[in-house]
$ cat final22.txt   # compact mmCIF, C-alpha atoms
# COMPACT_ATOMS: atom_id res chain seq x y z
CA MET Q 1 0.00 0.00 0.00
CA GLN Q 2 1.24 3.48 -0.88
CA PRO Q 3 -0.59 6.11 1.26
CA THR Q 4 0.94 9.08 -0.58
CA TYR Q 5 0.41 10.53 -4.04
CA THR Q 6 3.02 10.69 -6.77
CA PRO Q 7 3.97 14.01 -8.45
CA GLU Q 8 2.11 12.77 -11.55
CA ALA Q 9 -1.00 12.22 -9.46
CA GLU Q 10 -0.77 15.70 -7.98
CA ALA Q 11 -0.44 17.11 -11.48
CA TYR Q 12 -3.69 15.39 -12.38
CA ARG Q 13 -5.28 16.89 -9.25
CA GLU Q 14 -4.46 20.37 -10.56
CA LYS Q 15 -6.17 19.46 -13.85
CA VAL Q 16 -9.33 18.45 -11.97
CA GLN Q 17 -9.24 21.63 -9.90
CA ALA Q 18 -8.99 23.70 -13.08
CA PHE Q 19 -11.99 21.83 -14.54
CA LEU Q 20 -14.06 22.59 -11.45
CA ALA Q 21 -13.02 26.23 -11.40
CA GLU Q 22 -14.09 26.57 -15.02
CA LYS Q 23 -17.45 24.80 -14.72
CA LEU Q 24 -18.74 25.98 -11.32
CA PRO Q 25 -20.08 29.44 -10.40
CA SER Q 26 -17.64 31.68 -8.53
CA ASN Q 27 -19.94 31.78 -5.49
CA TRP Q 28 -20.51 28.00 -5.39
CA GLN Q 29 -20.93 26.58 -1.86
CA GLY Q 30 -21.79 22.95 -2.59
CA THR Q 31 -25.01 21.03 -3.17
CA GLY Q 32 -25.63 21.07 0.57
CA ALA Q 33 -26.45 24.78 0.28
CA ILE Q 34 -29.36 24.25 -2.14
CA GLU Q 35 -32.49 22.11 -2.09
CA GLY Q 36 -35.72 21.23 -3.85
CA GLU Q 37 -36.13 22.11 -7.51
CA GLU Q 38 -32.92 24.14 -7.54
CA LEU Q 39 -30.94 21.09 -6.41
CA GLU Q 40 -32.62 18.79 -8.95
CA THR Q 41 -31.91 21.25 -11.77
CA PHE Q 42 -28.27 21.63 -10.79
CA VAL Q 43 -27.68 17.86 -10.54
CA ALA Q 44 -29.26 17.26 -13.96
CA GLU Q 45 -27.20 20.02 -15.58
CA TRP Q 46 -24.03 18.93 -13.78
CA ARG Q 47 -24.53 15.37 -15.00
CA ASN Q 48 -24.55 16.70 -18.58
CA VAL Q 49 -21.30 18.55 -17.88
CA LEU Q 50 -19.73 15.32 -16.64
CA TYR Q 51 -21.09 13.39 -19.62
CA GLU Q 52 -19.48 15.80 -22.08
CA ALA Q 53 -16.17 15.61 -20.17
CA LYS Q 54 -16.32 11.77 -20.06
CA TYR Q 55 -16.28 11.95 -16.27
CA LEU Q 56 -19.47 9.93 -15.64
CA ALA Q 57 -17.60 6.64 -15.99
CA PRO Q 58 -14.01 7.83 -15.62
CA GLY Q 59 -12.53 4.35 -15.33
CA TRP Q 60 -14.25 2.90 -18.40
CA PRO Q 61 -12.23 2.41 -21.58
CA VAL Q 62 -12.40 5.37 -23.97
CA GLU Q 63 -14.07 3.23 -26.66
CA TYR Q 64 -17.07 2.75 -24.35
CA GLY Q 65 -17.41 6.43 -23.49
CA GLY Q 66 -15.19 6.54 -20.41
CA ALA Q 67 -12.06 8.57 -19.73
CA GLY Q 68 -9.71 5.60 -19.27
CA LEU Q 69 -8.44 6.96 -15.95
CA THR Q 70 -6.35 4.91 -13.57
CA ALA Q 71 -7.78 3.91 -10.20
CA LEU Q 72 -5.63 6.56 -8.49
CA GLU Q 73 -6.87 9.28 -10.84
CA GLN Q 74 -10.44 8.25 -10.10
CA VAL Q 75 -9.85 8.64 -6.36
CA ILE Q 76 -8.34 12.08 -6.91
CA LEU Q 77 -11.38 12.98 -8.99
CA ALA Q 78 -13.68 11.86 -6.15
CA GLU Q 79 -11.63 13.77 -3.58
CA GLU Q 80 -11.79 17.03 -5.49
CA PHE Q 81 -15.47 16.65 -6.32
CA THR Q 82 -16.23 16.10 -2.62
CA LYS Q 83 -14.16 19.13 -1.59
CA ALA Q 84 -16.06 21.20 -4.16
CA GLY Q 85 -19.41 19.83 -2.99
CA VAL Q 86 -20.53 18.40 -6.33
CA PRO Q 87 -21.79 14.89 -7.15
CA SER Q 88 -19.91 12.47 -9.37
CA GLY Q 89 -23.07 11.72 -11.35
CA GLY Q 90 -26.85 11.61 -11.21
CA PRO Q 91 -29.00 9.90 -8.57
CA ASN Q 92 -29.24 6.64 -10.56
CA ASP Q 93 -25.62 6.33 -11.66
CA VAL Q 94 -24.58 4.15 -8.72
CA PHE Q 95 -26.94 1.47 -10.01
CA SER Q 96 -26.60 2.07 -13.74
CA ILE Q 97 -22.92 2.95 -14.20
CA GLN Q 98 -20.98 1.86 -11.13
CA MET Q 99 -22.78 -1.42 -10.56
CA LEU Q 100 -24.38 -2.61 -13.80
CA GLY Q 101 -22.04 -0.85 -16.22
CA ASN Q 102 -18.86 -2.17 -14.64
CA THR Q 103 -20.36 -5.65 -14.44
CA MET Q 104 -21.41 -5.51 -18.09
CA LEU Q 105 -17.88 -4.55 -19.12
CA MET Q 106 -16.72 -7.73 -17.41
CA TRP Q 107 -19.48 -10.16 -18.46
CA GLY Q 108 -21.47 -8.65 -21.33
CA THR Q 109 -21.52 -9.76 -24.95
CA ASP Q 110 -20.43 -7.31 -27.62
CA GLU Q 111 -24.08 -6.80 -28.55
CA GLN Q 112 -25.09 -6.09 -24.94
CA LYS Q 113 -22.27 -3.61 -24.47
CA ALA Q 114 -23.05 -1.84 -27.74
CA HIS Q 115 -26.72 -1.48 -26.80
CA TYR Q 116 -26.67 -0.74 -23.07
CA LEU Q 117 -23.43 1.11 -22.25
CA PRO Q 118 -24.21 4.24 -24.33
CA ARG Q 119 -27.71 4.32 -22.84
CA LEU Q 120 -26.31 4.09 -19.31
CA LEU Q 121 -24.05 7.06 -19.95
CA LYS Q 122 -26.77 9.14 -21.58
CA GLY Q 123 -29.22 8.32 -18.80
CA ASP Q 124 -31.75 6.85 -21.22
CA ASP Q 125 -32.50 3.96 -18.84
CA THR Q 126 -33.05 4.10 -15.07
CA TRP Q 127 -32.04 0.93 -13.22
CA CYS Q 128 -32.65 -0.73 -9.87
CA GLN Q 129 -31.42 -3.97 -8.31
CA GLY Q 130 -33.59 -7.09 -7.96
CA TYR Q 131 -31.65 -9.34 -5.57
CA SER Q 132 -33.26 -9.83 -2.13
CA GLU Q 133 -36.49 -11.77 -1.61
CA PRO Q 134 -38.62 -12.41 1.50
CA ASN Q 135 -36.85 -15.80 1.89
CA ALA Q 136 -33.52 -14.78 0.37
CA GLY Q 137 -31.98 -11.83 2.15
CA SER Q 138 -28.84 -12.82 4.02
CA ASP Q 139 -28.99 -16.18 2.24
CA LEU Q 140 -29.15 -14.68 -1.25
CA ALA Q 141 -28.59 -18.04 -2.95
CA ASN Q 142 -32.01 -19.11 -1.69
CA ILE Q 143 -33.81 -16.98 -4.29
CA GLY Q 144 -37.01 -18.47 -5.64
CA LEU Q 145 -38.12 -16.04 -8.38
CA LYS Q 146 -38.81 -18.47 -11.22
CA ALA Q 147 -37.85 -17.98 -14.85
CA GLU Q 148 -39.13 -20.37 -17.54
CA LEU Q 149 -38.21 -20.19 -21.21
CA ASP Q 150 -41.11 -19.71 -23.59
CA GLY Q 151 -39.82 -19.50 -27.15
CA ASP Q 152 -37.62 -16.40 -27.39
CA GLU Q 153 -38.66 -15.04 -24.00
CA TRP Q 154 -38.24 -15.83 -20.32
CA ILE Q 155 -41.40 -15.73 -18.20
CA LEU Q 156 -40.76 -14.49 -14.64
CA ASN Q 157 -42.91 -15.12 -11.57
CA GLY Q 158 -42.05 -14.22 -7.99
CA GLN Q 159 -41.12 -11.31 -5.76
CA LYS Q 160 -38.19 -9.08 -4.82
CA ILE Q 161 -37.97 -6.85 -1.74
CA TRP Q 162 -35.89 -3.92 -0.41
CA THR Q 163 -35.54 -2.66 -3.99
CA SER Q 164 -33.94 0.76 -3.63
CA ALA Q 165 -35.44 3.42 -5.95
CA GLY Q 166 -37.56 0.75 -7.63
CA HIS Q 167 -40.48 3.19 -7.87
CA LEU Q 168 -38.34 5.47 -10.06
CA ALA Q 169 -36.77 2.84 -12.33
CA ASP Q 170 -37.78 1.53 -15.75
CA HIS Q 171 -35.35 -1.42 -15.73
CA ILE Q 172 -34.29 -3.89 -13.04
CA PHE Q 173 -31.33 -6.29 -13.14
CA THR Q 174 -32.78 -9.42 -11.65
CA LEU Q 175 -31.50 -12.69 -10.23
CA ALA Q 176 -33.85 -15.48 -11.28
CA ARG Q 177 -33.81 -19.25 -10.86
CA THR Q 178 -33.58 -20.80 -14.32
CA ASP Q 179 -32.72 -24.37 -13.19
CA PRO Q 180 -34.68 -25.39 -10.07
CA ASP Q 181 -33.04 -28.82 -10.01
CA SER Q 182 -29.50 -27.48 -9.50
CA ALA Q 183 -27.80 -26.66 -6.20
CA LYS Q 184 -28.69 -23.29 -4.65
CA HIS Q 185 -25.70 -21.32 -5.98
CA LYS Q 186 -26.18 -22.85 -9.40
CA GLY Q 187 -29.17 -22.62 -11.67
CA ILE Q 188 -29.38 -18.82 -11.16
CA SER Q 189 -29.25 -16.35 -14.07
CA PHE Q 190 -28.69 -12.59 -14.13
CA MET Q 191 -31.36 -10.93 -16.29
CA LEU Q 192 -31.92 -7.43 -17.65
CA VAL Q 193 -35.65 -6.85 -17.18
CA PRO Q 194 -37.75 -3.94 -18.53
CA MET Q 195 -40.18 -2.73 -15.86
CA ASP Q 196 -42.61 -0.84 -18.12
CA GLN Q 197 -44.79 -3.90 -18.73
CA PRO Q 198 -48.05 -5.23 -17.22
CA GLY Q 199 -46.31 -8.07 -15.34
CA ILE Q 200 -44.34 -5.77 -13.01
CA GLU Q 201 -45.88 -4.18 -9.89
CA VAL Q 202 -43.93 -1.91 -7.50
CA ARG Q 203 -45.12 -1.22 -3.95
CA PRO Q 204 -43.18 1.38 -1.86
CA ILE Q 205 -42.21 0.56 1.75
CA LYS Q 206 -42.40 3.31 4.38
CA MET Q 207 -39.07 3.85 6.19
CA ILE Q 208 -38.44 5.10 9.73
CA SER Q 209 -37.43 8.48 8.30
CA GLY Q 210 -40.80 8.81 6.58
CA ASP Q 211 -39.30 8.31 3.11
CA SER Q 212 -40.14 5.42 0.78
CA GLU Q 213 -36.95 4.69 -1.13
CA PHE Q 214 -37.30 0.92 -0.66
CA ASN Q 215 -39.90 -1.15 -2.50
CA GLU Q 216 -41.41 -4.56 -3.09
CA VAL Q 217 -41.44 -5.68 -6.72
CA PHE Q 218 -43.84 -8.39 -7.92
CA TYR Q 219 -43.36 -10.32 -11.18
CA THR Q 220 -46.47 -11.92 -12.66
CA ASP Q 221 -45.75 -13.52 -16.04
CA ALA Q 222 -43.27 -10.72 -16.74
CA ARG Q 223 -41.41 -11.18 -20.00
CA VAL Q 224 -37.72 -10.85 -20.76
CA PRO Q 225 -36.04 -11.34 -24.16
CA LYS Q 226 -33.94 -14.50 -24.27
CA GLU Q 227 -30.80 -12.53 -25.11
CA ASN Q 228 -31.14 -10.41 -21.92
CA VAL Q 229 -29.21 -12.89 -19.80
CA LEU Q 230 -25.90 -11.34 -18.70
CA GLY Q 231 -22.90 -13.61 -18.20
CA GLY Q 232 -24.44 -16.82 -19.55
CA LEU Q 233 -27.29 -19.07 -18.54
CA ASN Q 234 -27.13 -20.44 -14.97
CA ASN Q 235 -24.02 -18.36 -14.26
CA GLY Q 236 -25.86 -15.61 -12.40
CA TRP Q 237 -24.21 -16.21 -9.04
CA ALA Q 238 -20.76 -15.35 -10.38
CA VAL Q 239 -22.14 -12.27 -12.13
CA ALA Q 240 -23.99 -11.17 -9.00
CA MET Q 241 -20.87 -11.50 -6.85
CA SER Q 242 -18.91 -9.44 -9.37
CA LEU Q 243 -21.53 -6.70 -9.15
CA LEU Q 244 -21.48 -6.72 -5.35
CA GLY Q 245 -17.71 -6.51 -5.49
CA PHE Q 246 -17.92 -3.37 -7.63
CA GLU Q 247 -20.60 -1.93 -5.33
CA ARG Q 248 -18.52 -2.49 -2.18
CA GLY Q 249 -14.95 -2.54 -3.48
CA GLU Q 250 -14.77 0.70 -5.45
CA ALA Q 251 -16.56 2.48 -2.62
CA ALA Q 252 -13.74 1.54 -0.22
CA ALA Q 253 -11.45 4.09 -1.87
CA THR Q 254 -14.03 6.88 -2.21
CA VAL Q 255 -16.43 6.52 0.76
CA PRO Q 256 -13.82 7.75 3.30
CA ILE Q 257 -13.83 11.05 1.43
CA ILE Q 258 -17.50 11.78 2.09
CA PHE Q 259 -17.23 10.57 5.68
CA GLY Q 260 -14.21 12.83 6.12
CA ALA Q 261 -16.30 15.81 5.01
CA GLU Q 262 -19.07 14.73 7.39
CA ILE Q 263 -16.83 14.52 10.47
CA GLU Q 264 -15.54 18.00 9.67
CA ARG Q 265 -19.16 19.25 9.70
CA LEU Q 266 -19.78 17.51 13.01
CA THR Q 267 -16.61 18.93 14.57
CA ALA Q 268 -17.65 22.41 13.44
CA MET Q 269 -21.08 21.91 15.05
CA ALA Q 270 -19.45 20.84 18.33
CA GLN Q 271 -17.30 23.97 18.25
CA GLU Q 272 -20.29 26.21 17.47
CA ARG Q 273 -22.18 24.76 20.45
CA GLY Q 274 -19.25 25.11 22.86
CA LEU Q 275 -18.78 21.34 23.23
CA ALA Q 276 -15.45 20.86 21.47
CA ASP Q 277 -13.55 21.17 24.78
CA ASP Q 278 -15.78 18.70 26.61
CA PRO Q 279 -13.44 15.74 27.30
CA VAL Q 280 -16.05 13.09 26.49
CA ILE Q 281 -17.14 14.75 23.24
CA ARG Q 282 -13.49 15.31 22.24
CA GLN Q 283 -12.72 11.64 22.86
CA ARG Q 284 -15.69 10.52 20.76
CA LEU Q 285 -14.79 12.93 17.95
CA ALA Q 286 -11.22 11.59 18.04
CA TRP Q 287 -12.53 8.01 17.78
CA CYS Q 288 -14.60 8.95 14.72
CA HIS Q 289 -11.67 10.75 13.13
CA THR Q 290 -9.50 7.66 13.68
CA LYS Q 291 -12.09 5.39 12.10
CA VAL Q 292 -12.28 7.59 9.01
CA ARG Q 293 -8.49 7.45 8.71
CA LEU Q 294 -8.63 3.65 8.98
CA MET Q 295 -11.22 3.61 6.21
CA LYS Q 296 -8.89 5.80 4.17
CA PHE Q 297 -5.98 3.39 4.59
CA ASN Q 298 -8.18 0.42 3.77
CA GLY Q 299 -9.26 2.31 0.66
CA MET Q 300 -5.64 2.84 -0.32
CA ARG Q 301 -5.09 -0.91 0.08
CA VAL Q 302 -8.00 -1.58 -2.27
CA LEU Q 303 -6.66 1.06 -4.65
CA THR Q 304 -3.27 -0.62 -4.71
CA GLN Q 305 -4.95 -3.89 -5.64
CA PHE Q 306 -6.83 -2.15 -8.46
CA LEU Q 307 -3.56 -0.75 -9.78
CA ASN Q 308 -2.19 -4.29 -9.80
CA GLY Q 309 -5.15 -5.58 -11.83
CA HIS Q 310 -7.09 -7.18 -8.96
CA HIS Q 311 -10.89 -7.10 -9.29
CA PRO Q 312 -13.02 -6.67 -6.15
CA GLY Q 313 -13.46 -9.89 -4.21
CA PRO Q 314 -14.47 -11.04 -0.72
CA ASP Q 315 -12.20 -8.41 0.84
CA ALA Q 316 -14.68 -5.77 -0.35
CA ALA Q 317 -16.74 -6.81 2.70
CA ILE Q 318 -14.15 -5.14 4.96
CA GLY Q 319 -14.89 -1.65 3.67
CA LYS Q 320 -18.66 -2.17 3.78
CA LEU Q 321 -18.50 -3.37 7.38
CA LEU Q 322 -16.24 -0.50 8.42
CA TRP Q 323 -18.30 2.38 7.07
CA SER Q 324 -21.77 1.08 7.92
CA GLU Q 325 -20.98 0.29 11.57
CA TYR Q 326 -19.05 3.55 11.93
CA HIS Q 327 -21.93 5.61 10.59
CA LYS Q 328 -24.24 4.46 13.38
CA VAL Q 329 -21.76 5.70 15.97
CA VAL Q 330 -20.96 9.08 14.41
CA THR Q 331 -24.62 9.96 13.90
CA GLU Q 332 -25.39 9.00 17.52
CA LEU Q 333 -22.65 11.46 18.49
CA ALA Q 334 -24.30 14.10 16.31
CA MET Q 335 -27.56 13.60 18.22
CA ASP Q 336 -25.75 14.09 21.55
CA VAL Q 337 -24.02 17.23 20.27
CA MET Q 338 -27.35 18.59 19.04
CA GLY Q 339 -29.06 17.75 22.32
CA ALA Q 340 -32.68 18.78 22.75
CA ASP Q 341 -32.62 20.56 19.38
CA ALA Q 342 -32.78 17.11 17.78
CA LEU Q 343 -36.32 16.73 19.09
CA HIS Q 344 -37.55 19.46 16.73
CA VAL Q 345 -36.70 18.51 13.15
CA GLU Q 346 -36.42 21.53 10.89
CA GLY Q 347 -34.32 22.71 7.96
CA ARG Q 348 -33.15 21.06 4.76
CA ARG Q 349 -33.41 17.27 4.68
CA PRO Q 350 -30.79 15.09 2.94
CA PRO Q 351 -31.85 14.47 -0.68
CA SER Q 352 -30.98 10.77 -0.34
CA SER Q 353 -31.54 8.14 2.34
CA PHE Q 354 -28.09 6.63 1.74
CA GLN Q 355 -24.89 7.44 3.66
CA THR Q 356 -24.14 11.13 4.38
CA ASP Q 357 -25.82 14.42 3.61
CA ASP Q 358 -24.31 16.52 0.82
CA PRO Q 359 -21.03 18.40 1.38
CA GLY Q 360 -21.73 21.94 2.48
CA ALA Q 361 -25.03 21.07 4.17
CA ALA Q 362 -25.95 23.24 7.15
CA ASN Q 363 -25.82 21.71 10.64
CA THR Q 364 -29.59 21.64 11.05
CA SER Q 365 -31.69 19.05 12.82
CA GLY Q 366 -33.35 18.29 9.47
CA SER Q 367 -29.97 17.20 8.11
CA TRP Q 368 -28.59 15.29 11.07
CA VAL Q 369 -31.72 13.61 12.43
CA ASN Q 370 -32.62 12.10 9.07
CA THR Q 371 -29.02 11.02 8.50
CA PHE Q 372 -29.09 9.41 11.97
CA LEU Q 373 -32.28 7.49 11.19
CA ASN Q 374 -31.03 6.30 7.81
CA ALA Q 375 -27.65 5.22 9.20
CA ARG Q 376 -29.30 2.18 10.78
CA ALA Q 377 -30.31 0.91 7.37
CA GLY Q 378 -26.67 1.13 6.23
CA THR Q 379 -25.84 -1.97 8.28
CA ILE Q 380 -28.44 -3.92 6.26
CA TYR Q 381 -28.56 -2.66 2.68
CA ALA Q 382 -25.81 -3.72 0.26
CA GLY Q 383 -25.16 -6.70 2.55
CA SER Q 384 -25.87 -6.86 6.28
CA SER Q 385 -23.05 -6.56 8.81
CA GLN Q 386 -23.61 -10.15 9.91
CA VAL Q 387 -23.10 -11.38 6.36
CA GLN Q 388 -20.00 -9.20 5.92
CA ARG Q 389 -18.48 -10.67 9.08
CA ASN Q 390 -19.13 -14.18 7.79
CA ILE Q 391 -17.46 -13.33 4.48
CA VAL Q 392 -14.40 -11.91 6.24
CA GLY Q 393 -14.19 -14.81 8.67
CA GLU Q 394 -14.77 -17.67 6.23
CA MET Q 395 -13.37 -16.40 2.91
CA ILE Q 396 -10.46 -14.23 4.11
CA LEU Q 397 -9.42 -15.53 7.54
CA GLY Q 398 -10.20 -19.17 6.76
CA LEU Q 399 -12.34 -19.72 9.86
CA PRO Q 400 -14.80 -22.65 9.96
CA LYS Q 401 -18.06 -22.00 8.15
CA GLU Q 402 -21.11 -21.09 10.16
CA PRO Q 403 -23.23 -24.19 10.83
CA LYS Q 404 -26.16 -24.48 8.45
CA PRO Q 405 -29.69 -25.01 9.81
CA SER Q 406 -31.02 -28.49 9.25
$ encode --input "final22.txt" --output "structure tokens"
Amino acid sequence: MQPTYTPEAEAYREKVQAFLAEKLPSNWQGTGAIEGEELETFVAEWRNVLYEAKYLAPGWPVEYGGAGLTALEQVILAEEFTKAGVPSGGPNDVFSIQMLGNTMLMWGTDEQKAHYLPRLLKGDDTWCQGYSEPNAGSDLANIGLKAELDGDEWILNGQKIWTSAGHLADHIFTLARTDPDSAKHKGISFMLVPMDQPGIEVRPIKMISGDSEFNEVFYTDARVPKENVLGGLNNGWAVAMSLLGFERGEAAATVPIIFGAEIERLTAMAQERGLADDPVIRQRLAWCHTKVRLMKFNGMRVLTQFLNGHHPGPDAAIGKLLWSEYHKVVTELAMDVMGADALHVEGRRPPSSFQTDDPGAANTSGSWVNTFLNARAGTIYAGSSQVQRNIVGEMILGLPKEPKPS
């Protein structure tokens, strides 16, 4: 692991800073300073700016519309974007570009890449993830959504749950059981399913924060073209694990940046409220700062592996476990710093229920209370902490497997 940047990397940082200075208003204070329609308009326009600059998928090969950047250059890009308080894409790009796009580059046919990758970059399609089911959450291989071939189409019947942003999507990448006679991890296929059809029903689920970003999705004789299987028939488990690796692994190098900005906001709030010299608060702030630095070093380890050609694997669970468990603690500290003011929620709310509020957000109860409530979900979505610990223990440390129920 190399925790410092080379002179070449710093030269690239100056290039990114010049890009931001050129494209952003002189009085720009970050997306945390705006809300509502103004925020939506800025994000949409900023996404177009990134699209023209080939910064939406900076690590993709140039021939597929990316910038061909190295992993280190991508981290520098994320660092500077976070400092400037601007997003690295639109609200759906985590699903469409980071998760599905990267997986398609690895597993897709030439025809699938030619059709879908340009549409992902342009934002023509909005995607969500169809993995978990009522009986297949932590034990994902237990999925029961059935797919049967009927001529040139697959017919899907079953249910998915905890589908983030499913109510906003028009496509869902879906794990379906195509061979019910095979072992659990086999006989699963990864399918690209259009949602704008009569056989798909989406039902939002109310969250503790009052939002409804999670959904149930029901498939009733839903149809999928035969060629919409990604990675080959009955090979869906390998494809799904690749996608989860991209979801968790790439984030290891960039997530510490947004959490670093958040702990700076929290420290500033403690100072404003005269609590920064309280020995208990100082100790808890120091603990949080240390955890963010540990996440940073773990991210640099992951980055080093990327530079050496290593794709995300089971070790991606380390970063997911670190940030999600940390975020519960730091937001509890925010509630204690805010004190009784946290009982009256007012001010701008975070635009997303995932991870932190935007850089530059004001230290209002509307920001911190909703971030606190949503932090609990972070230990469940994208893989629960219990599952991450099993992955680390069994697949990295070589500990005995957890006993299976009879």
$ closest_residue --input "final22.txt" --among "Q:Gln386, Q:Ser209, Q:Thr126, Q:Thr220" --to "Leu373 in chain Q" --atoms "all atoms listed in the file"
Q:Ser209
$ residues_around --input "final22.txt" --residues "range 363-371 of chain Q" --least-positions-apart "6" --cutoff "7 Å" --atoms "only C-alpha atoms" --output "ChimeraX atom specification"
/Q:209,269,334,341-342,345-350,356-357
$ atom_distance --input "final22.txt" --atom1 "CA of Leu168 in chain Q" --atom2 "CA of Gly383 in chain Q"
21.9 Å
$ residues_around --input "final22.txt" --residues "Gly32 in chain Q" --least-positions-apart "2" --cutoff "10 Å" --atoms "only C-alpha atoms" --output "ChimeraX atom specification"
/Q:29-30,34-35,39,85-86,348-351,357-362,367
$ write_last_selection --input "final22.txt" --atoms "C-alpha atoms" --output "PDB file, keeping the file's coordinate frame"
ATOM      1  CA  GLN Q  29     -20.930  26.580  -1.860  1.00  0.00           C
ATOM      2  CA  GLY Q  30     -21.790  22.950  -2.590  1.00  0.00           C
ATOM      3  CA  ILE Q  34     -29.360  24.250  -2.140  1.00  0.00           C
ATOM      4  CA  GLU Q  35     -32.490  22.110  -2.090  1.00  0.00           C
ATOM      5  CA  LEU Q  39     -30.940  21.090  -6.410  1.00  0.00           C
ATOM      6  CA  GLY Q  85     -19.410  19.830  -2.990  1.00  0.00           C
ATOM      7  CA  VAL Q  86     -20.530  18.400  -6.330  1.00  0.00           C
ATOM      8  CA  ARG Q 348     -33.150  21.060   4.760  1.00  0.00           C
ATOM      9  CA  ARG Q 349     -33.410  17.270   4.680  1.00  0.00           C
ATOM     10  CA  PRO Q 350     -30.790  15.090   2.940  1.00  0.00           C
ATOM     11  CA  PRO Q 351     -31.850  14.470  -0.680  1.00  0.00           C
ATOM     12  CA  ASP Q 357     -25.820  14.420   3.610  1.00  0.00           C
ATOM     13  CA  ASP Q 358     -24.310  16.520   0.820  1.00  0.00           C
ATOM     14  CA  PRO Q 359     -21.030  18.400   1.380  1.00  0.00           C
ATOM     15  CA  GLY Q 360     -21.730  21.940   2.480  1.00  0.00           C
ATOM     16  CA  ALA Q 361     -25.030  21.070   4.170  1.00  0.00           C
ATOM     17  CA  ALA Q 362     -25.950  23.240   7.150  1.00  0.00           C
ATOM     18  CA  SER Q 367     -29.970  17.200   8.110  1.00  0.00           C
TER      19      SER Q 367
END
$ closest_residue --input "final22.txt" --among "Q:Leu69, Q:Leu266, Q:Ala222, Q:Leu333" --to "Lys54 in chain Q" --atoms "only C-alpha atoms"
Q:Leu69
$ closest_residue --input "final22.txt" --among "Q:Leu397, Q:Ala114, Q:Cys128, Q:Ile188" --to "Met99 in chain Q" --atoms "all atoms listed in the file"
Q:Cys128
$ residues_around --input "final22.txt" --residues "range 72-84 of chain Q" --least-positions-apart "4" --cutoff "10 Å" --atoms "all atoms listed in the file" --output "number ranges by chain"
Q: 5-6, 8-10, 12-17, 20-21, 24, 28-31, 55, 57-59, 67-68, 88, 250-251, 253-258, 260-261, 299-300, 303-304, 306-307, 358-360
$ residues_near_point --input "final22.txt" --point "(-41.6, 3.0, 3.4)" --cutoff "12 Å" --atoms "only C-alpha atoms" --output "mmCIF file with C-alpha atoms, in the frame of the given file"
data_model
loop_
_atom_site.group_PDB
_atom_site.id
_atom_site.type_symbol
_atom_site.label_atom_id
_atom_site.label_comp_id
_atom_site.auth_asym_id
_atom_site.auth_seq_id
_atom_site.Cartn_x
_atom_site.Cartn_y
_atom_site.Cartn_z
ATOM 1 C CA ILE Q 161 -37.970 -6.850 -1.740
ATOM 2 C CA TRP Q 162 -35.890 -3.920 -0.410
ATOM 3 C CA THR Q 163 -35.540 -2.660 -3.990
ATOM 4 C CA SER Q 164 -33.940 0.760 -3.630
ATOM 5 C CA ALA Q 165 -35.440 3.420 -5.950
ATOM 6 C CA GLY Q 166 -37.560 0.750 -7.630
ATOM 7 C CA HIS Q 167 -40.480 3.190 -7.870
ATOM 8 C CA ARG Q 203 -45.120 -1.220 -3.950
ATOM 9 C CA PRO Q 204 -43.180 1.380 -1.860
ATOM 10 C CA ILE Q 205 -42.210 0.560 1.750
ATOM 11 C CA LYS Q 206 -42.400 3.310 4.380
ATOM 12 C CA MET Q 207 -39.070 3.850 6.190
ATOM 13 C CA ILE Q 208 -38.440 5.100 9.730
ATOM 14 C CA SER Q 209 -37.430 8.480 8.300
ATOM 15 C CA GLY Q 210 -40.800 8.810 6.580
ATOM 16 C CA ASP Q 211 -39.300 8.310 3.110
ATOM 17 C CA SER Q 212 -40.140 5.420 0.780
ATOM 18 C CA GLU Q 213 -36.950 4.690 -1.130
ATOM 19 C CA PHE Q 214 -37.300 0.920 -0.660
ATOM 20 C CA ASN Q 215 -39.900 -1.150 -2.500
ATOM 21 C CA GLU Q 216 -41.410 -4.560 -3.090
ATOM 22 C CA SER Q 353 -31.540 8.140 2.340
ATOM 23 C CA ASN Q 374 -31.030 6.300 7.810
#
$ residues_around --input "final22.txt" --residues "Phe95 in chain Q" --least-positions-apart "3" --cutoff "8 Å" --atoms "all atoms listed in the file" --output "compact mmCIF listing (two decimals) with C-alpha atoms, keeping the file's coordinate frame"
# COMPACT_ATOMS: atom_id res chain seq x y z
CA ASN Q 92 -29.24 6.64 -10.56
CA GLN Q 98 -20.98 1.86 -11.13
CA MET Q 99 -22.78 -1.42 -10.56
CA LEU Q 100 -24.38 -2.61 -13.80
CA TRP Q 127 -32.04 0.93 -13.22
CA CYS Q 128 -32.65 -0.73 -9.87
CA GLN Q 129 -31.42 -3.97 -8.31
$ atom_distance --input "final22.txt" --atom1 "CA of Thr267 in chain Q" --atom2 "CA of Leu285 in chain Q"
7.1 Å
$ closest_residue --input "final22.txt" --among "Q:Gln159, Q:Gly187, Q:Gly232, Q:Val337" --to "Pro134 in chain Q" --atoms "all atoms listed in the file"
Q:Gln159
$ residues_around --input "final22.txt" --residues "range 60-65 of chain Q" --least-positions-apart "6" --cutoff "8 Å" --atoms "all atoms listed in the file" --output "PDB file with C-alpha atoms, in the frame of the given file"
ATOM      1  CA  LYS Q  54     -16.320  11.770 -20.060  1.00  0.00           C
ATOM      2  CA  ASN Q 102     -18.860  -2.170 -14.640  1.00  0.00           C
ATOM      3  CA  LEU Q 117     -23.430   1.110 -22.250  1.00  0.00           C
ATOM      4  CA  PRO Q 118     -24.210   4.240 -24.330  1.00  0.00           C
ATOM      5  CA  LEU Q 121     -24.050   7.060 -19.950  1.00  0.00           C
TER       6      LEU Q 121
END
$ atom_distance --input "final22.txt" --atom1 "CA of Ile97 in chain Q" --atom2 "CA of Leu50 in chain Q"
13.0 Å
